[in-house]
file entry10.cif (mmCIF, N, CA and C atoms)
data_structure
#
loop_
_atom_site.label_atom_id
_atom_site.label_comp_id
_atom_site.auth_asym_id
_atom_site.auth_seq_id
_atom_site.Cartn_x
_atom_site.Cartn_y
_atom_site.Cartn_z
N MET N 1 -4.09 53.26 -15.86
CA MET N 1 -3.37 52.77 -14.72
C MET N 1 -4.26 51.86 -13.86
N LYS N 2 -5.53 52.28 -13.67
CA LYS N 2 -6.45 51.46 -12.90
C LYS N 2 -6.66 50.11 -13.57
N LEU N 3 -6.73 50.12 -14.88
CA LEU N 3 -6.92 48.88 -15.63
C LEU N 3 -5.75 47.92 -15.41
N LEU N 4 -4.54 48.46 -15.42
CA LEU N 4 -3.35 47.64 -15.20
C LEU N 4 -3.35 47.05 -13.80
N ILE N 5 -3.70 47.81 -12.81
CA ILE N 5 -3.74 47.33 -11.42
C ILE N 5 -4.82 46.26 -11.28
N THR N 6 -5.96 46.48 -11.92
CA THR N 6 -7.03 45.50 -11.86
C THR N 6 -6.60 44.18 -12.52
N LEU N 7 -5.97 44.27 -13.69
CA LEU N 7 -5.49 43.07 -14.37
C LEU N 7 -4.46 42.32 -13.54
N LEU N 8 -3.53 43.05 -12.95
CA LEU N 8 -2.51 42.42 -12.11
C LEU N 8 -3.14 41.76 -10.89
N SER N 9 -4.15 42.37 -10.34
CA SER N 9 -4.84 41.79 -9.19
C SER N 9 -5.53 40.49 -9.58
N ILE N 10 -6.18 40.49 -10.73
CA ILE N 10 -6.87 39.28 -11.20
C ILE N 10 -5.87 38.15 -11.46
N VAL N 11 -4.78 38.48 -12.13
CA VAL N 11 -3.77 37.48 -12.42
C VAL N 11 -3.17 36.92 -11.13
N SER N 12 -2.86 37.77 -10.17
CA SER N 12 -2.28 37.29 -8.92
C SER N 12 -3.27 36.43 -8.14
N LEU N 13 -4.55 36.76 -8.21
CA LEU N 13 -5.56 35.93 -7.54
C LEU N 13 -5.67 34.56 -8.21
N GLN N 14 -5.56 34.52 -9.52
CA GLN N 14 -5.61 33.25 -10.24
C GLN N 14 -4.40 32.40 -9.92
N VAL N 15 -3.24 33.01 -9.82
CA VAL N 15 -2.02 32.27 -9.47
C VAL N 15 -2.15 31.70 -8.07
N MET N 16 -2.67 32.49 -7.16
CA MET N 16 -2.86 32.01 -5.79
C MET N 16 -3.85 30.87 -5.76
N ALA N 17 -4.90 30.94 -6.56
CA ALA N 17 -5.90 29.87 -6.61
C ALA N 17 -5.29 28.59 -7.14
N VAL N 18 -4.43 28.66 -8.13
CA VAL N 18 -3.76 27.48 -8.67
C VAL N 18 -2.85 26.85 -7.62
N GLU N 19 -2.13 27.67 -6.88
CA GLU N 19 -1.23 27.15 -5.85
C GLU N 19 -1.99 26.46 -4.74
N ASP N 20 -3.21 26.89 -4.44
CA ASP N 20 -3.99 26.30 -3.36
C ASP N 20 -4.70 25.01 -3.78
N THR N 21 -4.61 24.62 -5.03
CA THR N 21 -5.34 23.44 -5.47
C THR N 21 -4.51 22.16 -5.39
N GLU N 22 -3.36 22.20 -4.74
CA GLU N 22 -2.59 20.98 -4.56
C GLU N 22 -3.43 20.02 -3.72
N PRO N 23 -3.33 18.73 -4.04
CA PRO N 23 -4.16 17.78 -3.31
C PRO N 23 -3.79 17.70 -1.83
N THR N 24 -4.80 17.53 -1.04
CA THR N 24 -4.56 17.34 0.39
C THR N 24 -4.88 15.88 0.71
N TYR N 25 -3.99 15.26 1.42
CA TYR N 25 -4.13 13.85 1.73
C TYR N 25 -4.42 13.67 3.21
N ARG N 26 -4.97 12.51 3.51
CA ARG N 26 -5.23 12.15 4.89
C ARG N 26 -4.04 11.36 5.43
N TYR N 27 -3.90 11.41 6.74
CA TYR N 27 -2.83 10.68 7.42
C TYR N 27 -3.46 9.68 8.37
N PRO N 28 -2.71 8.69 8.82
CA PRO N 28 -3.29 7.64 9.67
C PRO N 28 -4.03 8.17 10.89
N SER N 29 -3.56 9.25 11.46
CA SER N 29 -4.22 9.81 12.64
C SER N 29 -5.63 10.34 12.33
N GLU N 30 -5.93 10.53 11.06
CA GLU N 30 -7.22 11.08 10.66
C GLU N 30 -8.22 9.99 10.24
N LEU N 31 -7.82 8.73 10.32
CA LEU N 31 -8.68 7.64 9.86
C LEU N 31 -9.65 7.22 10.96
N SER N 32 -10.77 6.70 10.52
CA SER N 32 -11.77 6.19 11.46
C SER N 32 -11.33 4.81 11.96
N ASP N 33 -12.01 4.32 12.99
CA ASP N 33 -11.71 2.98 13.50
C ASP N 33 -11.94 1.92 12.43
N ALA N 34 -12.98 2.10 11.65
CA ALA N 34 -13.28 1.13 10.58
C ALA N 34 -12.17 1.12 9.53
N GLU N 35 -11.62 2.27 9.22
CA GLU N 35 -10.53 2.34 8.25
C GLU N 35 -9.26 1.70 8.80
N HIS N 36 -9.00 1.91 10.08
CA HIS N 36 -7.85 1.25 10.70
C HIS N 36 -8.03 -0.27 10.68
N ARG N 37 -9.25 -0.72 10.99
CA ARG N 37 -9.54 -2.17 10.95
C ARG N 37 -9.33 -2.71 9.55
N TYR N 38 -9.77 -1.96 8.54
CA TYR N 38 -9.56 -2.40 7.16
C TYR N 38 -8.07 -2.61 6.88
N MET N 39 -7.25 -1.67 7.33
CA MET N 39 -5.81 -1.79 7.08
C MET N 39 -5.24 -3.03 7.75
N ILE N 40 -5.66 -3.31 8.97
CA ILE N 40 -5.19 -4.50 9.69
C ILE N 40 -5.67 -5.76 8.98
N LEU N 41 -6.93 -5.78 8.60
CA LEU N 41 -7.49 -6.96 7.91
C LEU N 41 -6.85 -7.16 6.54
N SER N 42 -6.50 -6.07 5.88
CA SER N 42 -5.89 -6.19 4.56
C SER N 42 -4.51 -6.85 4.66
N ARG N 43 -3.79 -6.54 5.72
CA ARG N 43 -2.50 -7.22 5.93
C ARG N 43 -2.72 -8.70 6.17
N GLY N 44 -3.76 -9.03 6.90
CA GLY N 44 -4.09 -10.44 7.13
C GLY N 44 -4.46 -11.15 5.83
N LYS N 45 -5.18 -10.44 4.98
CA LYS N 45 -5.55 -11.01 3.68
C LYS N 45 -4.30 -11.30 2.84
N TYR N 46 -3.34 -10.39 2.88
CA TYR N 46 -2.09 -10.59 2.15
C TYR N 46 -1.31 -11.77 2.75
N ASP N 47 -1.26 -11.86 4.07
CA ASP N 47 -0.59 -13.00 4.73
C ASP N 47 -1.20 -14.32 4.29
N GLU N 48 -2.52 -14.36 4.27
CA GLU N 48 -3.21 -15.60 3.86
C GLU N 48 -2.92 -15.96 2.41
N CYS N 49 -2.87 -14.96 1.56
CA CYS N 49 -2.55 -15.20 0.15
C CYS N 49 -1.16 -15.82 0.05
N LEU N 50 -0.20 -15.24 0.77
CA LEU N 50 1.17 -15.76 0.72
C LEU N 50 1.24 -17.20 1.21
N LYS N 51 0.57 -17.48 2.33
CA LYS N 51 0.60 -18.84 2.88
C LYS N 51 -0.01 -19.84 1.90
N LYS N 52 -1.14 -19.46 1.32
CA LYS N 52 -1.82 -20.35 0.38
C LYS N 52 -0.94 -20.64 -0.83
N GLU N 53 -0.39 -19.60 -1.41
CA GLU N 53 0.45 -19.77 -2.60
C GLU N 53 1.75 -20.52 -2.28
N ALA N 54 2.29 -20.28 -1.10
CA ALA N 54 3.52 -20.98 -0.71
C ALA N 54 3.26 -22.47 -0.54
N LYS N 55 2.13 -22.82 0.07
CA LYS N 55 1.80 -24.24 0.24
C LYS N 55 1.64 -24.94 -1.10
N VAL N 56 1.05 -24.23 -2.07
CA VAL N 56 0.85 -24.79 -3.40
C VAL N 56 2.20 -25.08 -4.06
N ASN N 57 3.18 -24.22 -3.83
CA ASN N 57 4.48 -24.33 -4.50
C ASN N 57 5.58 -24.96 -3.65
N LEU N 58 5.26 -25.39 -2.47
CA LEU N 58 6.27 -25.88 -1.55
C LEU N 58 7.05 -27.06 -2.11
N ASP N 59 6.39 -27.98 -2.78
CA ASP N 59 7.09 -29.16 -3.31
C ASP N 59 7.73 -28.92 -4.67
N LYS N 60 7.47 -27.77 -5.27
CA LYS N 60 8.02 -27.49 -6.60
C LYS N 60 9.46 -26.97 -6.54
N TYR N 61 9.85 -26.41 -5.41
CA TYR N 61 11.17 -25.79 -5.29
C TYR N 61 11.85 -26.26 -4.02
N GLU N 62 13.13 -26.46 -4.09
CA GLU N 62 13.93 -26.85 -2.92
C GLU N 62 14.21 -25.66 -2.00
N ASP N 63 14.45 -24.51 -2.60
CA ASP N 63 14.83 -23.31 -1.85
C ASP N 63 13.58 -22.60 -1.34
N PHE N 64 13.52 -22.41 -0.02
CA PHE N 64 12.37 -21.73 0.58
C PHE N 64 12.22 -20.30 0.08
N ARG N 65 13.34 -19.66 -0.20
CA ARG N 65 13.28 -18.28 -0.69
C ARG N 65 12.61 -18.21 -2.05
N LYS N 66 12.83 -19.22 -2.88
CA LYS N 66 12.19 -19.26 -4.20
C LYS N 66 10.68 -19.45 -4.03
N VAL N 67 10.29 -20.30 -3.10
CA VAL N 67 8.86 -20.50 -2.82
C VAL N 67 8.23 -19.18 -2.38
N ALA N 68 8.93 -18.48 -1.48
CA ALA N 68 8.41 -17.19 -1.00
C ALA N 68 8.35 -16.17 -2.13
N ASP N 69 9.37 -16.15 -2.99
CA ASP N 69 9.38 -15.22 -4.13
C ASP N 69 8.20 -15.47 -5.06
N VAL N 70 7.95 -16.74 -5.35
CA VAL N 70 6.83 -17.07 -6.24
C VAL N 70 5.51 -16.66 -5.60
N ALA N 71 5.37 -16.92 -4.31
CA ALA N 71 4.14 -16.53 -3.61
C ALA N 71 3.96 -15.01 -3.63
N MET N 72 5.05 -14.28 -3.39
CA MET N 72 4.96 -12.82 -3.39
C MET N 72 4.61 -12.28 -4.77
N GLU N 73 5.16 -12.91 -5.79
CA GLU N 73 4.84 -12.48 -7.17
C GLU N 73 3.36 -12.72 -7.46
N THR N 74 2.85 -13.87 -7.05
CA THR N 74 1.45 -14.20 -7.28
C THR N 74 0.52 -13.27 -6.50
N CYS N 75 0.92 -12.90 -5.31
CA CYS N 75 0.06 -12.09 -4.44
C CYS N 75 0.21 -10.59 -4.67
N LYS N 76 0.96 -10.20 -5.67
CA LYS N 76 1.08 -8.77 -6.00
C LYS N 76 -0.29 -8.15 -6.28
N THR N 77 -1.19 -8.93 -6.83
CA THR N 77 -2.53 -8.41 -7.12
C THR N 77 -3.26 -8.03 -5.84
N THR N 78 -3.03 -8.81 -4.79
CA THR N 78 -3.65 -8.48 -3.50
C THR N 78 -3.11 -7.15 -2.98
N LEU N 79 -1.80 -6.96 -3.09
CA LEU N 79 -1.23 -5.67 -2.69
C LEU N 79 -1.77 -4.52 -3.54
N ALA N 80 -1.96 -4.77 -4.82
CA ALA N 80 -2.51 -3.73 -5.70
C ALA N 80 -3.93 -3.37 -5.30
N GLU N 81 -4.72 -4.37 -4.91
CA GLU N 81 -6.09 -4.10 -4.44
C GLU N 81 -6.06 -3.27 -3.16
N ILE N 82 -5.16 -3.63 -2.26
CA ILE N 82 -5.04 -2.87 -1.01
C ILE N 82 -4.64 -1.43 -1.31
N ASP N 83 -3.67 -1.26 -2.21
CA ASP N 83 -3.23 0.09 -2.58
C ASP N 83 -4.38 0.89 -3.19
N ALA N 84 -5.18 0.25 -4.04
CA ALA N 84 -6.32 0.95 -4.64
C ALA N 84 -7.30 1.41 -3.57
N ASN N 85 -7.54 0.58 -2.58
CA ASN N 85 -8.45 0.96 -1.50
C ASN N 85 -7.86 2.06 -0.62
N LEU N 86 -6.57 2.01 -0.39
CA LEU N 86 -5.93 3.08 0.38
C LEU N 86 -5.95 4.39 -0.40
N THR N 87 -5.84 4.30 -1.71
CA THR N 87 -5.94 5.49 -2.56
C THR N 87 -7.34 6.08 -2.46
N LYS N 88 -8.36 5.23 -2.47
CA LYS N 88 -9.74 5.71 -2.32
C LYS N 88 -9.95 6.39 -0.98
N MET N 89 -9.21 5.94 0.02
CA MET N 89 -9.30 6.55 1.35
C MET N 89 -8.56 7.88 1.40
N ASN N 90 -7.91 8.25 0.28
CA ASN N 90 -7.17 9.51 0.13
C ASN N 90 -5.97 9.60 1.09
N LEU N 91 -5.33 8.44 1.31
CA LEU N 91 -4.15 8.43 2.17
C LEU N 91 -2.95 9.01 1.44
N ASP N 92 -2.10 9.62 2.20
CA ASP N 92 -0.87 10.20 1.67
C ASP N 92 -0.09 9.14 0.90
N PRO N 93 0.34 9.43 -0.34
CA PRO N 93 1.06 8.44 -1.15
C PRO N 93 2.33 7.90 -0.48
N ASN N 94 3.04 8.74 0.23
CA ASN N 94 4.24 8.27 0.93
C ASN N 94 3.88 7.26 2.01
N PHE N 95 2.80 7.53 2.73
CA PHE N 95 2.36 6.58 3.76
C PHE N 95 1.89 5.28 3.13
N ARG N 96 1.15 5.38 2.02
CA ARG N 96 0.68 4.16 1.33
C ARG N 96 1.86 3.29 0.94
N ARG N 97 2.88 3.88 0.33
CA ARG N 97 4.07 3.11 -0.07
C ARG N 97 4.75 2.48 1.14
N PHE N 98 4.88 3.24 2.21
CA PHE N 98 5.49 2.73 3.44
C PHE N 98 4.68 1.56 3.98
N PHE N 99 3.37 1.72 4.06
CA PHE N 99 2.50 0.68 4.59
C PHE N 99 2.60 -0.60 3.77
N LEU N 100 2.54 -0.48 2.45
CA LEU N 100 2.61 -1.66 1.58
C LEU N 100 3.97 -2.33 1.65
N ARG N 101 5.04 -1.55 1.67
CA ARG N 101 6.38 -2.13 1.75
C ARG N 101 6.57 -2.85 3.08
N LYS N 102 6.11 -2.23 4.16
CA LYS N 102 6.24 -2.83 5.49
C LYS N 102 5.40 -4.10 5.59
N ALA N 103 4.19 -4.06 5.06
CA ALA N 103 3.33 -5.25 5.09
C ALA N 103 3.97 -6.38 4.31
N SER N 104 4.51 -6.08 3.16
CA SER N 104 5.15 -7.09 2.33
C SER N 104 6.37 -7.69 3.03
N GLN N 105 7.20 -6.84 3.61
CA GLN N 105 8.40 -7.31 4.29
C GLN N 105 8.07 -8.19 5.50
N LYS N 106 7.13 -7.73 6.32
CA LYS N 106 6.78 -8.49 7.52
C LYS N 106 6.15 -9.83 7.16
N SER N 107 5.32 -9.83 6.16
CA SER N 107 4.68 -11.07 5.73
C SER N 107 5.72 -12.06 5.22
N ALA N 108 6.67 -11.58 4.46
CA ALA N 108 7.72 -12.46 3.93
C ALA N 108 8.59 -12.99 5.07
N GLN N 109 8.89 -12.15 6.04
CA GLN N 109 9.70 -12.59 7.18
C GLN N 109 8.99 -13.66 7.99
N LYS N 110 7.68 -13.54 8.13
CA LYS N 110 6.91 -14.55 8.86
C LYS N 110 6.77 -15.83 8.06
N LEU N 111 6.76 -15.72 6.75
CA LEU N 111 6.52 -16.86 5.88
C LEU N 111 7.68 -17.86 5.89
N LEU N 112 8.90 -17.39 5.85
CA LEU N 112 10.05 -18.29 5.73
C LEU N 112 10.13 -19.33 6.85
N PRO N 113 10.01 -18.94 8.13
CA PRO N 113 10.04 -19.97 9.18
C PRO N 113 8.87 -20.96 9.08
N GLU N 114 7.72 -20.47 8.64
CA GLU N 114 6.56 -21.36 8.47
C GLU N 114 6.83 -22.38 7.37
N LEU N 115 7.46 -21.94 6.30
CA LEU N 115 7.79 -22.86 5.21
C LEU N 115 8.78 -23.93 5.68
N MET N 116 9.77 -23.53 6.45
CA MET N 116 10.74 -24.48 6.96
C MET N 116 10.06 -25.53 7.84
N ALA N 117 9.14 -25.07 8.67
CA ALA N 117 8.43 -26.00 9.55
C ALA N 117 7.56 -26.96 8.74
N LEU N 118 6.89 -26.45 7.72
CA LEU N 118 6.05 -27.31 6.87
C LEU N 118 6.89 -28.34 6.12
N LYS N 119 8.03 -27.93 5.63
CA LYS N 119 8.89 -28.81 4.84
C LYS N 119 9.52 -29.91 5.70
N SER N 120 9.74 -29.60 6.97
CA SER N 120 10.38 -30.57 7.85
C SER N 120 9.44 -31.70 8.29
N LYS N 121 8.16 -31.54 8.07
CA LYS N 121 7.19 -32.56 8.48
C LYS N 121 7.14 -33.72 7.54
#
call {"tool": "encode", "arguments": {"input": "entry10.cif", "output": "structure tokens"}}
result
Amino acid sequence: MKLLITLLSIVSLQVMAVEDTEPTYRYPSELSDAEHRYMILSRGKYDECLKKEAKVNLDKYEDFRKVADVAMETCKTTLAEIDANLTKMNLDPNFRRFFLRKASQKSAQKLLPELMALKSK
């Protein structure tokens, strides 16, 4: 009987240990000032990539949305680099996805009026 109780205790401790090994992620409130600066600068890097690629393709397409789409497709690698760095920072995957989607959307929204202004010159 003692052997059975001991075995059950060991098994239950192992099960508890497995349950406690789920990854723990960091959240934005836990980041240092340098990490926050990196996130802000990374969005700027993505913006610059979009602007550069859009200017290169501005005369190739009549539709501004197509120019923006091509630029966004080309700059996917920049977003992937940012995601890799956010992963290294151990940020919560849901937050990483939110941050990247929001950065992409805001950059695209800013890009369209800039393209119209460039094309009108």
call {"tool": "residues_around", "arguments": {"input": "entry10.cif", "residues": "Ala54 (chain N)", "least_positions_apart": "3", "cutoff": "6.5 Å", "atoms": "only N, CA and C atoms", "output": "PyMOL selection string"}}
result
chain N and resi 49-51+57-58+67-68+71
call {"tool": "closest_residue", "arguments": {"input": "entry10.cif", "among": "N:Tyr46, N:Asn94, N:Lys102, N:Pro28", "to": "Cys75 (chain N)", "atoms": "only N, CA and C atoms"}}
result
N:Tyr46
call {"tool": "closest_residue", "arguments": {"input": "entry10.cif", "among": "N:Ala84, N:Met89, N:Leu118, N:Leu111", "to": "Glu35 (chain N)", "atoms": "only C-alpha atoms"}}
result
N:Met89
call {"tool": "residues_around", "arguments": {"input": "entry10.cif", "residues": "Lys45 (chain N)", "least_positions_apart": "5", "cutoff": "12 Å", "atoms": "only C-alpha atoms", "output": "ChimeraX atom specification"}}
result
/N:38-40,50-52,75-79,81-82,103-104,107
call {"tool": "axis_aligned_box", "arguments": {"input": "entry10.cif", "around": "region 73-92 of chain N", "padding_each_side": "6 Å", "output": "lines of an AutoDock Vina configuration file"}}
result
center_x = -2.4
center_y = -2.0
center_z = -2.6
size_x = 27.1
size_y = 36.4
size_z = 21.7
call {"tool": "atom_distance", "arguments": {"input": "entry10.cif", "atom1": "atom C of Lys119 (chain N)", "atom2": "CA of Lys60 (chain N)"}}
result
12.6 Å
call {"tool": "closest_residue", "arguments": {"input": "entry10.cif", "among": "N:Asp33, N:Gln109, N:Asp83, N:Glu62", "to": "Arg97 (chain N)", "atoms": "only C-alpha atoms"}}
result
N:Asp83
call {"tool": "atom_distance", "arguments": {"input": "entry10.cif", "atom1": "atom C of Lys106 (chain N)", "atom2": "atom C of Phe64 (chain N)"}}
result
14.0 Å
call {"tool": "select_by_dssp", "arguments": {"input": "entry10.cif", "residues": "chain N", "states": "alpha helix (DSSP H)", "output": "VMD selection string"}}
result
chain N and resid 2 to 19 33 to 57 64 to 74 76 to 88 93 to 120
call {"tool": "atom_distance", "arguments": {"input": "entry10.cif", "atom1": "CA of Leu112 (chain N)", "atom2": "atom C of Arg96 (chain N)"}}
result
23.6 Å
